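J.: data35.csv is reproduced below (CSV, C-alpha atoms).
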chain,number,residue,atom,x,y,z
A,850,MET,CA,94.4,140.3,16.4
A,851,ARG,CA,95.2,136.9,14.8
A,852,THR,CA,98.7,137.0,16.2
A,853,LEU,CA,97.4,137.9,19.7
A,854,LEU,CA,94.9,135.0,19.6
A,855,PHE,CA,97.7,132.6,18.6
A,856,SER,CA,100.1,133.8,21.3
A,857,ILE,CA,97.4,133.5,24.0
A,858,PHE,CA,95.7,130.2,23.2
A,859,VAL,CA,98.4,127.9,21.7
A,860,PRO,CA,100.2,127.4,25.0
A,861,PHE,CA,96.9,125.8,26.3
A,862,ALA,CA,97.0,123.0,23.7
A,863,LEU,CA,98.5,120.4,26.1
A,864,CYS,CA,96.7,117.1,25.7
A,865,GLN,CA,93.3,118.7,26.4
A,866,GLU,CA,90.1,116.7,26.5
A,867,PRO,CA,86.8,118.3,25.3
A,868,GLU,CA,84.2,119.0,28.0
A,869,PRO,CA,80.6,119.8,27.0
A,870,ALA,CA,79.8,123.4,28.0
A,871,THR,CA,76.1,123.9,28.6
A,872,PRO,CA,74.2,126.3,30.8
A,873,LYS,CA,73.5,124.7,34.2
A,874,SER,CA,75.3,121.5,33.1
A,875,GLN,CA,75.3,118.4,35.3
A,876,PRO,CA,78.2,117.8,37.7
A,877,ALA,CA,81.1,115.6,36.8
A,878,PRO,CA,82.4,113.0,39.2
A,879,SER,CA,84.6,114.4,42.0
A,880,ILE,CA,88.3,113.7,42.0
A,881,TRP,CA,89.2,115.8,45.0
A,882,SER,CA,88.0,114.2,48.2
A,883,VAL,CA,88.9,114.0,51.9
A,884,GLY,CA,86.9,111.2,53.5
A,885,PRO,CA,83.2,111.7,52.5
A,886,ILE,CA,83.7,115.4,51.6
A,887,ASP,CA,84.3,116.5,48.0
A,888,PHE,CA,86.3,119.7,47.4
A,889,SER,CA,86.4,122.0,44.3
A,890,GLY,CA,87.6,125.5,43.8
A,891,GLN,CA,88.6,128.2,41.3
A,892,ILE,CA,90.5,131.5,40.9
A,893,ASP,CA,89.1,133.8,38.3
A,894,GLY,CA,90.9,137.0,37.2
A,895,TYR,CA,90.6,139.4,34.2
A,896,TYR,CA,91.5,142.6,32.4
A,897,THR,CA,88.8,144.5,30.6
A,898,ALA,CA,89.6,147.3,28.2
A,899,ASN,CA,86.7,149.7,27.9
A,900,PHE,CA,87.0,152.0,24.8
A,901,ASN,CA,84.8,154.7,26.4
A,902,HIS,CA,87.5,155.0,29.1
A,903,PRO,CA,85.1,155.7,31.9
A,904,ALA,CA,86.8,157.5,34.8
A,905,SER,CA,86.1,159.2,38.1
A,906,SER,CA,86.5,162.9,38.7
A,907,THR,CA,90.0,162.2,40.0
A,908,GLY,CA,90.9,160.3,36.8
A,909,THR,CA,90.9,156.8,38.3
A,910,PRO,CA,89.4,154.0,36.1
A,911,GLY,CA,85.6,153.7,36.2
A,912,MET,CA,83.2,150.8,35.7
A,913,ASN,CA,81.9,148.7,32.8
A,914,ALA,CA,78.2,149.7,32.9
A,915,LEU,CA,75.7,146.9,33.2
A,916,TYR,CA,78.3,144.1,33.6
A,917,ASN,CA,78.4,141.2,36.0
A,918,PHE,CA,81.1,140.4,37.2
A,919,ASN,CA,84.0,141.9,35.3
A,920,VAL,CA,82.9,145.4,36.2
A,921,GLU,CA,86.4,147.0,36.6
A,922,ALA,CA,87.4,149.0,33.5
A,923,ASN,CA,91.0,149.2,32.2
A,924,GLN,CA,92.6,147.5,35.1
A,925,PHE,CA,93.5,144.0,36.3
A,926,SER,CA,91.0,142.6,38.8
A,927,LEU,CA,90.0,139.5,40.7
A,928,ASN,CA,86.5,138.2,39.9
A,929,MET,CA,86.5,135.5,42.5
A,930,ALA,CA,88.5,133.0,44.5
A,931,LYS,CA,86.2,130.2,45.7
A,932,LEU,CA,86.3,126.9,47.6
A,933,THR,CA,83.4,124.4,47.7
A,934,MET,CA,82.9,121.6,50.2
A,935,GLN,CA,80.1,119.1,49.5
A,936,HIS,CA,78.8,115.7,50.5
A,937,ASP,CA,76.0,114.4,48.2
A,938,PRO,CA,72.9,113.3,50.2
A,939,ASP,CA,73.0,109.6,51.2
A,940,PRO,CA,70.4,110.3,52.5
A,941,VAL,CA,71.8,113.4,54.3
A,942,GLY,CA,74.3,115.8,52.7
A,943,PHE,CA,75.4,119.4,52.6
A,944,ARG,CA,77.1,122.0,50.4
A,945,VAL,CA,79.1,125.1,51.4
A,946,ASP,CA,80.6,127.6,48.8
A,947,LEU,CA,82.9,130.2,50.3
A,948,GLY,CA,85.0,132.8,48.6
A,949,PHE,CA,85.8,136.5,48.0
A,950,GLY,CA,86.3,138.9,45.1
A,951,ARG,CA,84.2,141.3,43.2
A,952,ALA,CA,81.6,138.8,42.3
A,953,PHE,CA,80.8,138.1,45.9
A,954,ASP,CA,80.5,141.8,46.7
A,955,ILE,CA,78.0,142.2,43.8
A,956,ILE,CA,76.0,139.1,44.7
A,957,HIS,CA,75.3,140.4,48.2
A,958,ALA,CA,75.1,144.1,47.5
A,959,ALA,CA,71.4,144.2,48.3
A,960,GLU,CA,71.4,141.8,51.4
A,961,PRO,CA,69.0,143.4,53.9
A,962,SER,CA,70.8,142.0,57.0
A,963,GLY,CA,74.0,143.8,56.2
A,964,ALA,CA,76.0,141.0,57.8
A,965,SER,CA,79.6,141.3,56.5
A,966,PHE,CA,80.3,137.5,56.8
A,967,LEU,CA,77.5,136.8,54.2
A,968,ARG,CA,79.6,138.4,51.5
A,969,ASN,CA,81.8,135.4,51.6
A,970,VAL,CA,79.0,132.8,51.3
A,971,GLU,CA,77.6,131.9,47.9
A,972,GLN,CA,75.7,128.8,49.1
A,973,ALA,CA,75.3,127.0,52.4
A,974,TYR,CA,72.6,124.3,52.7
A,975,VAL,CA,71.8,120.8,54.1
A,976,SER,CA,70.1,118.2,51.9
A,977,VAL,CA,67.9,115.1,52.5
A,978,LYS,CA,67.1,112.7,49.8
A,979,SER,CA,64.6,109.8,49.8
A,980,LYS,CA,64.9,106.5,48.0
A,981,LYS,CA,62.3,107.7,45.5
A,982,GLY,CA,64.5,110.6,44.5
A,983,LEU,CA,62.8,113.4,46.3
A,984,GLN,CA,65.4,115.9,47.5
A,985,ALA,CA,64.9,118.7,50.0
A,986,ASP,CA,67.5,121.4,50.5
A,987,PHE,CA,67.4,124.0,53.3
A,988,GLY,CA,69.6,127.1,53.5
A,989,GLN,CA,71.0,129.5,51.0
A,990,PHE,CA,71.2,128.4,47.4
A,991,VAL,CA,71.6,129.9,44.0
A,992,THR,CA,68.5,130.7,41.9
A,993,ALA,CA,67.1,128.2,39.4
A,994,ALA,CA,66.4,131.1,36.9
A,995,GLY,CA,68.6,132.1,34.0
A,996,ALA,CA,70.7,130.4,31.4
A,997,GLU,CA,74.0,131.3,33.0
A,998,VAL,CA,75.5,130.8,36.5
A,999,ILE,CA,77.8,132.7,38.8
A,1000,GLU,CA,80.9,130.6,38.0
A,1001,THR,CA,82.7,131.7,34.9
A,1002,LYS,CA,84.0,128.3,33.8
A,1003,ASP,CA,80.5,126.9,33.7
A,1004,ASN,CA,79.3,129.5,31.2
A,1005,TRP,CA,80.1,129.9,27.5
A,1006,ASN,CA,81.1,133.6,27.6
A,1007,TYR,CA,83.3,135.4,30.0
A,1008,SER,CA,81.0,138.3,30.7
A,1009,ARG,CA,77.4,137.6,32.0
A,1010,SER,CA,74.4,138.5,29.8
A,1011,LEU,CA,72.1,141.4,30.5
A,1012,LEU,CA,69.4,138.9,31.5
A,1013,PHE,CA,71.6,137.3,34.1
A,1014,ALA,CA,72.6,140.7,35.5
A,1015,TRP,CA,69.3,142.5,35.5
A,1016,ALA,CA,66.3,140.1,34.9
A,1017,VAL,CA,66.7,137.4,37.5
A,1018,PRO,CA,67.9,137.1,41.2
A,1019,TYR,CA,71.3,135.6,42.3
A,1020,TYR,CA,70.3,133.5,45.3
A,1021,HIS,CA,67.5,132.6,47.8
A,1022,PHE,CA,67.2,131.4,51.4
A,1023,GLY,CA,64.6,128.9,52.4
A,1024,LEU,CA,63.4,125.4,51.3
A,1025,ARG,CA,64.0,123.9,47.9
A,1026,THR,CA,62.6,120.5,46.7
A,1027,THR,CA,63.1,118.6,43.5
A,1028,LEU,CA,61.6,115.3,42.3
A,1029,PRO,CA,62.3,113.4,39.1
A,1030,VAL,CA,59.1,112.2,37.3
A,1031,GLY,CA,59.9,109.5,34.8
A,1032,SER,CA,63.2,109.6,32.9
A,1033,HIS,CA,62.8,113.1,31.3
A,1034,PHE,CA,61.1,115.4,33.7
A,1035,THR,CA,62.0,117.0,37.0
A,1036,GLY,CA,59.7,119.2,39.0
A,1037,GLY,CA,60.3,121.3,42.1
A,1038,VAL,CA,58.8,123.7,44.6
A,1039,GLN,CA,60.6,126.4,46.6
A,1040,VAL,CA,59.4,128.4,49.6
A,1041,ILE,CA,61.9,131.2,50.1
A,1042,ASN,CA,62.4,134.6,51.8
A,1043,GLY,CA,62.7,136.3,48.5
A,1044,TRP,CA,65.3,137.7,46.1
A,1045,ASN,CA,68.9,138.0,47.2
A,1046,ASN,CA,68.2,138.0,50.9
A,1047,VAL,CA,69.0,135.7,53.8
A,1048,GLU,CA,67.2,138.0,56.1
A,1049,ASP,CA,63.7,138.8,54.7
A,1050,ASN,CA,62.7,142.4,53.9
A,1051,ASN,CA,59.0,141.6,55.0
A,1052,SER,CA,57.0,138.9,56.6
A,1053,GLY,CA,55.7,137.3,53.3
A,1054,LYS,CA,57.2,134.4,51.4
A,1055,THR,CA,58.0,133.9,47.8
A,1056,LEU,CA,57.1,130.7,46.0
A,1057,GLY,CA,59.2,129.1,43.2
A,1058,PHE,CA,57.9,126.5,40.7
A,1059,ILE,CA,60.4,124.5,38.6
A,1060,GLY,CA,59.7,122.2,35.6
A,1061,ASN,CA,62.6,120.8,33.6
A,1062,PHE,CA,62.4,118.5,30.6
A,1063,THR,CA,65.6,116.8,29.5
A,1064,SER,CA,66.4,114.5,26.6
A,1065,LYS,CA,69.6,113.6,24.7
A,1066,LYS,CA,69.5,116.7,22.4
A,1067,ILE,CA,67.0,119.1,24.0
A,1068,THR,CA,66.7,120.5,27.5
A,1069,TRP,CA,63.9,122.9,28.4
A,1070,ASN,CA,64.0,124.6,31.8
A,1071,ASN,CA,61.1,126.6,33.2
A,1072,ASP,CA,61.1,128.7,36.4
A,1073,TYR,CA,58.3,130.9,37.9
A,1074,TYR,CA,58.8,133.0,41.1
A,1075,THR,CA,56.0,134.9,42.7
A,1076,GLY,CA,55.6,136.7,46.1
A,1077,PRO,CA,55.8,140.0,47.9
A,1078,GLU,CA,59.2,141.6,47.4
A,1079,ASN,CA,58.6,145.3,48.3
A,1080,ASN,CA,60.3,146.4,51.5
A,1081,ALA,CA,58.3,146.3,54.8
A,1082,THR,CA,55.0,145.3,53.1
A,1083,ASN,CA,53.3,142.1,51.9
A,1084,LYS,CA,51.2,143.9,49.4
A,1085,SER,CA,51.8,144.1,45.7
A,1086,TRP,CA,53.7,141.0,44.4
A,1087,ARG,CA,56.7,140.5,42.1
A,1088,ASN,CA,56.5,137.8,39.4
A,1089,LEU,CA,59.1,136.3,37.1
A,1090,TYR,CA,58.9,133.8,34.4
A,1091,ASP,CA,62.2,132.4,33.0
A,1092,THR,CA,62.6,129.8,30.3
A,1093,THR,CA,65.6,128.4,28.5
A,1094,VAL,CA,65.7,125.9,25.6
A,1095,LEU,CA,69.1,124.2,25.1
A,1096,LEU,CA,69.8,122.3,21.8
A,1097,THR,CA,72.8,120.0,21.4
A,1098,PRO,CA,72.5,118.5,17.9
A,1099,ASN,CA,76.0,117.0,18.1
A,1100,ASP,CA,79.1,116.9,20.3
A,1101,LYS,CA,80.6,120.0,18.8
A,1102,THR,CA,77.6,122.4,18.5
A,1103,SER,CA,75.2,123.7,21.1
A,1104,PHE,CA,72.6,126.6,21.1
A,1105,TYR,CA,70.3,128.1,23.7
A,1106,ILE,CA,67.5,130.6,23.8
A,1107,ASN,CA,66.6,132.3,27.0
A,1108,PHE,CA,63.5,134.4,27.7
A,1109,ASP,CA,62.5,136.4,30.8
A,1110,TYR,CA,59.5,138.4,31.8
A,1111,GLY,CA,59.3,140.1,35.1
A,1112,GLN,CA,56.8,142.4,36.8
A,1113,ASN,CA,56.8,144.3,40.1
A,1114,LYS,CA,53.7,146.0,41.5
A,1115,SER,CA,54.3,148.8,44.0
A,1116,PRO,CA,52.0,149.6,46.9
A,1117,ASP,CA,50.9,152.7,45.1
A,1118,GLY,CA,49.5,150.6,42.3
A,1119,SER,CA,52.1,151.3,39.7
A,1120,VAL,CA,53.6,148.3,37.8
A,1121,ALA,CA,57.1,148.1,36.5
A,1122,ALA,CA,57.9,145.4,33.9
A,1123,TRP,CA,61.0,144.1,32.3
A,1124,LYS,CA,61.5,141.5,29.6
A,1125,GLY,CA,64.4,140.2,27.5
A,1126,LEU,CA,65.5,137.6,25.0
A,1127,ALA,CA,68.9,136.1,24.6
A,1128,GLY,CA,70.4,133.6,22.2
A,1129,ALA,CA,73.9,132.0,22.3
A,1130,ALA,CA,75.8,129.3,20.5
A,1131,ARG,CA,79.0,127.3,21.1
A,1132,TYR,CA,81.1,125.5,18.6
A,1133,GLN,CA,83.9,123.2,19.8
A,1134,TRP,CA,86.5,123.4,17.0
A,1135,ASN,CA,88.7,120.8,18.6
A,1136,SER,CA,89.6,119.3,21.9
A,1137,TRP,CA,90.9,122.6,23.3
A,1138,PHE,CA,89.4,125.6,21.4
A,1139,ALA,CA,85.8,126.8,21.2
A,1140,VAL,CA,84.0,129.9,20.0
A,1141,SER,CA,80.7,131.3,21.5
A,1142,PRO,CA,78.7,134.2,20.1
A,1143,ARG,CA,75.8,135.7,22.1
A,1144,ILE,CA,73.2,138.3,21.2
A,1145,GLU,CA,70.3,139.7,23.3
A,1146,TRP,CA,67.6,142.4,23.7
A,1147,PHE,CA,66.4,143.7,27.1
A,1148,ASP,CA,63.6,146.2,27.7
A,1149,ASP,CA,63.5,147.9,31.1
A,1150,GLU,CA,60.3,149.8,30.6
A,1151,LEU,CA,60.3,152.0,33.8
A,1152,GLY,CA,64.0,151.5,34.8
A,1153,PHE,CA,63.1,149.1,37.6
A,1154,ALA,CA,66.2,146.9,36.9
A,1155,THR,CA,68.9,149.2,35.5
A,1156,GLY,CA,67.7,152.5,37.1
A,1157,THR,CA,67.0,154.1,33.6
A,1158,ALA,CA,63.9,153.5,31.4
A,1159,GLN,CA,65.7,152.1,28.3
A,1160,THR,CA,65.9,149.4,25.7
A,1161,LEU,CA,69.2,147.6,25.5
A,1162,LYS,CA,71.0,145.4,23.0
A,1163,GLU,CA,74.2,143.4,23.4
A,1164,PHE,CA,76.5,141.3,21.2
A,1165,THR,CA,79.4,139.2,22.5
A,1166,ILE,CA,81.8,136.8,20.9
A,1167,THR,CA,84.2,134.8,23.0
A,1168,ALA,CA,87.1,132.6,22.1
A,1169,GLU,CA,88.1,129.9,24.7
A,1170,ALA,CA,91.2,127.7,25.1
A,1171,LYS,CA,91.0,125.1,27.8
A,1172,ALA,CA,93.6,122.8,29.2
A,1173,SER,CA,92.8,119.4,30.8
A,1174,GLN,CA,95.1,120.3,33.7
A,1175,GLY,CA,92.5,122.8,35.0
A,1176,ILE,CA,93.0,126.2,33.4
A,1177,LEU,CA,91.1,128.1,30.7
A,1178,ALA,CA,91.6,131.4,29.0
A,1179,ARG,CA,88.8,133.5,27.3
A,1180,LEU,CA,89.3,136.4,24.9
A,1181,GLU,CA,86.1,138.3,24.4
A,1182,TYR,CA,84.7,141.3,22.4
A,1183,ARG,CA,81.4,142.8,23.6
A,1184,ARG,CA,79.3,145.8,22.4
A,1185,ASP,CA,76.3,147.2,24.3
A,1186,TRP,CA,73.8,149.7,22.9
A,1187,SER,CA,71.0,151.7,24.5
A,1188,ASP,CA,68.3,154.0,23.2
A,1189,LYS,CA,69.5,156.5,25.9
A,1190,ASN,CA,73.0,158.0,26.5
A,1191,PHE,CA,73.5,155.6,29.4
A,1192,PHE,CA,77.2,154.7,29.2
A,1193,GLN,CA,79.8,156.9,30.7
A,1194,ARG,CA,82.5,158.3,28.4
A,1195,GLY,CA,85.6,159.7,30.1
A,1196,SER,CA,84.9,161.5,33.4
A,1197,VAL,CA,82.0,163.7,32.2
A,1198,GLY,CA,80.7,162.5,28.9
A,1199,ALA,CA,77.9,160.0,28.0
A,1200,ALA,CA,77.3,157.7,25.0
A,1201,ASP,CA,74.6,155.3,23.8
A,1202,HIS,CA,77.1,152.4,23.4
A,1203,GLN,CA,80.0,150.7,25.0
A,1204,ASP,CA,82.7,148.5,23.5
A,1205,THR,CA,85.0,146.3,25.5
A,1206,VAL,CA,87.7,143.6,25.1
A,1207,SER,CA,88.3,141.2,28.0
A,1208,LEU,CA,90.9,138.6,28.7
A,1209,GLY,CA,89.9,136.2,31.5
A,1210,ILE,CA,92.0,133.4,33.1
A,1211,VAL,CA,90.3,130.8,35.3
A,1212,ALA,CA,92.2,128.1,37.2
A,1213,PHE,CA,90.1,125.4,38.8
A,1214,PHE,CA,90.1,121.9,40.4
A,1215,GLY,CA,87.5,119.3,41.3
A,1216,PRO,CA,84.1,118.5,39.7
A,1217,LYS,CA,82.2,120.9,37.4
A,1218,ARG,CA,79.3,122.3,39.4
Show me, as structure tokens, the structure contained in the file I just sent.
T.:
Amino acid sequence: MRTLLFSIFVPFALCQEPEPATPKSQPAPSIWSVGPIDFSGQIDGYYTANFNHPASSTGTPGMNALYNFNVEANQFSLNMAKLTMQHDPDPVGFRVDLGFGRAFDIIHAAEPSGASFLRNVEQAYVSVKSKKGLQADFGQFVTAAGAEVIETKDNWNYSRSLLFAWAVPYYHFGLRTTLPVGSHFTGGVQVINGWNNVEDNNSGKTLGFIGNFTSKKITWNNDYYTGPENNATNKSWRNLYDTTVLLTPNDKTSFYINFDYGQNKSPDGSVAAWKGLAGAARYQWNSWFAVSPRIEWFDDELGFATGTAQTLKEFTITAEAKASQGILARLEYRRDWSDKNFFQRGSVGAADHQDTVSLGIVAFFGPKR
């Protein structure tokens, strides 16, 4: 293993510059522009070896259960290829994120409209910003909830956490507002169709409330979403509270803790709840190499999120090498456990755990978003 790590990561030590890696980090200045429009993009591919060897009845490789977005087991796959076009509001701006790959298929799997072109759109919105800092965005935008984001390079680990995959939505469509209050706090309100839908599944609307505190060494993000999310009815609401505390005691070390609690009430009066806790750290050994462990617990009481009533645990450790020229590699070991025999083994077996090793390569250009 030590020889493998050396052979993969040493070629990336080519005059790298360290870049702070934090969940939902702030954008860096753009260096790719055509007139007033900034461009950025990435290509993200991987190979994940699953030691349960999940397979279909015909023997073809199966899936990595519970994963987002490296779901393909024991084969090379494209996570995403993406292009972003953006003009920061001055006072009017816009952003469009277009792409394809397995991640885009997963993001839009539950889209009620069924429109095929939406599978290539991650975000598309217009922005207006006042001189006082109040910004309003209208269109499709990614959720504020969660410690991680859709783009691999802006996270610490290659695979996404259980909380990212199963506790929170991916995107919304509607109106989003943000307003800085003083030098450390930003608040916001959202009025949206709901969870993961451009076309609404009922006539009700979901509300989102955002409150973020930021200082030099501590960032505390809070998000609360509430509204009717059951199909074809405005009765019985879904609620989600998400909070993340990020600590950056020095330039080399960062930690975060992420907690989620969600609840969905059905029209028949039954209530399904899910909750989870995740913790992760990142240590920047030098200008090009970093290590990031992550551990989490997720309780899906009635199987609303994962389809099975179960309690899950997950541990991941990721080694990253990053070149200043715009390419990074991540080698990752991950183990998932369940109190049920949830994970596929072979073509007919089942197991209460799953072990994987992933190698991901991401090439990118433009600002970090």
J.: List every residue of stretch 949-1007 of chain A that has an atom at most 12 Å from any atom of stretch 1052-1063 of chain A, giving for each one its closest atom pair and the distance in Å to one decimal, counting all atoms listed in the file, sorted by chain and then by ascending residue number, as JSON lines.
T.:
{"residue": "A:Thr992", "atom": "CA", "partner": "A:Gly1057", "partner_atom": "CA", "distance": 9.5}
{"residue": "A:Ala993", "atom": "CA", "partner": "A:Ile1059", "partner_atom": "CA", "distance": 7.7}
{"residue": "A:Ala994", "atom": "CA", "partner": "A:Ile1059", "partner_atom": "CA", "distance": 9.1}
J.: Looking at A:Asp887, A:Asp1117, A:Glu1000, A:Asp986, which one is nearest to A:Met929, with distances taken over all atoms listed in the file?
T.: A:Glu1000
J.: Separation of atom CA of A:Pro1116 and atom CA of A:Asn1088, in Å?
T.: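 Straight-line distance from atom CA of A:Pro1116 to atom CA of A:Asn1088 works out to 14.7 Å.
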J.: What is the distance between atom CA of A:Ser976 and atom CA of A:Ser882, in Å to one decimal?
T.: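 A separation of 18.7 Å between them.
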J.: Using all atoms listed in the file, can you tell me which of A:Gly1125, A:Gly1156, A:Gly894, A:Pro1018 comes closest to A:Gly950?
T.: A:Gly894
J.: Nearest to A:Glu1181 among A:Ala904, A:Ala898, A:Val1197, A:Val920, with distances taken over all atoms listed in the file: which residue is it?
T.: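 Smallest distance to A:Glu1181 is found for A:Ala898.
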J.: When you count all atoms listed in the file, which of these residues is closest to A:Trp1137: A:Gln1159, A:Asn901, A:Ser1119, A:Gln1174?
T.: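 For A:Trp1137, the nearest of the given residues is A:Gln1174.
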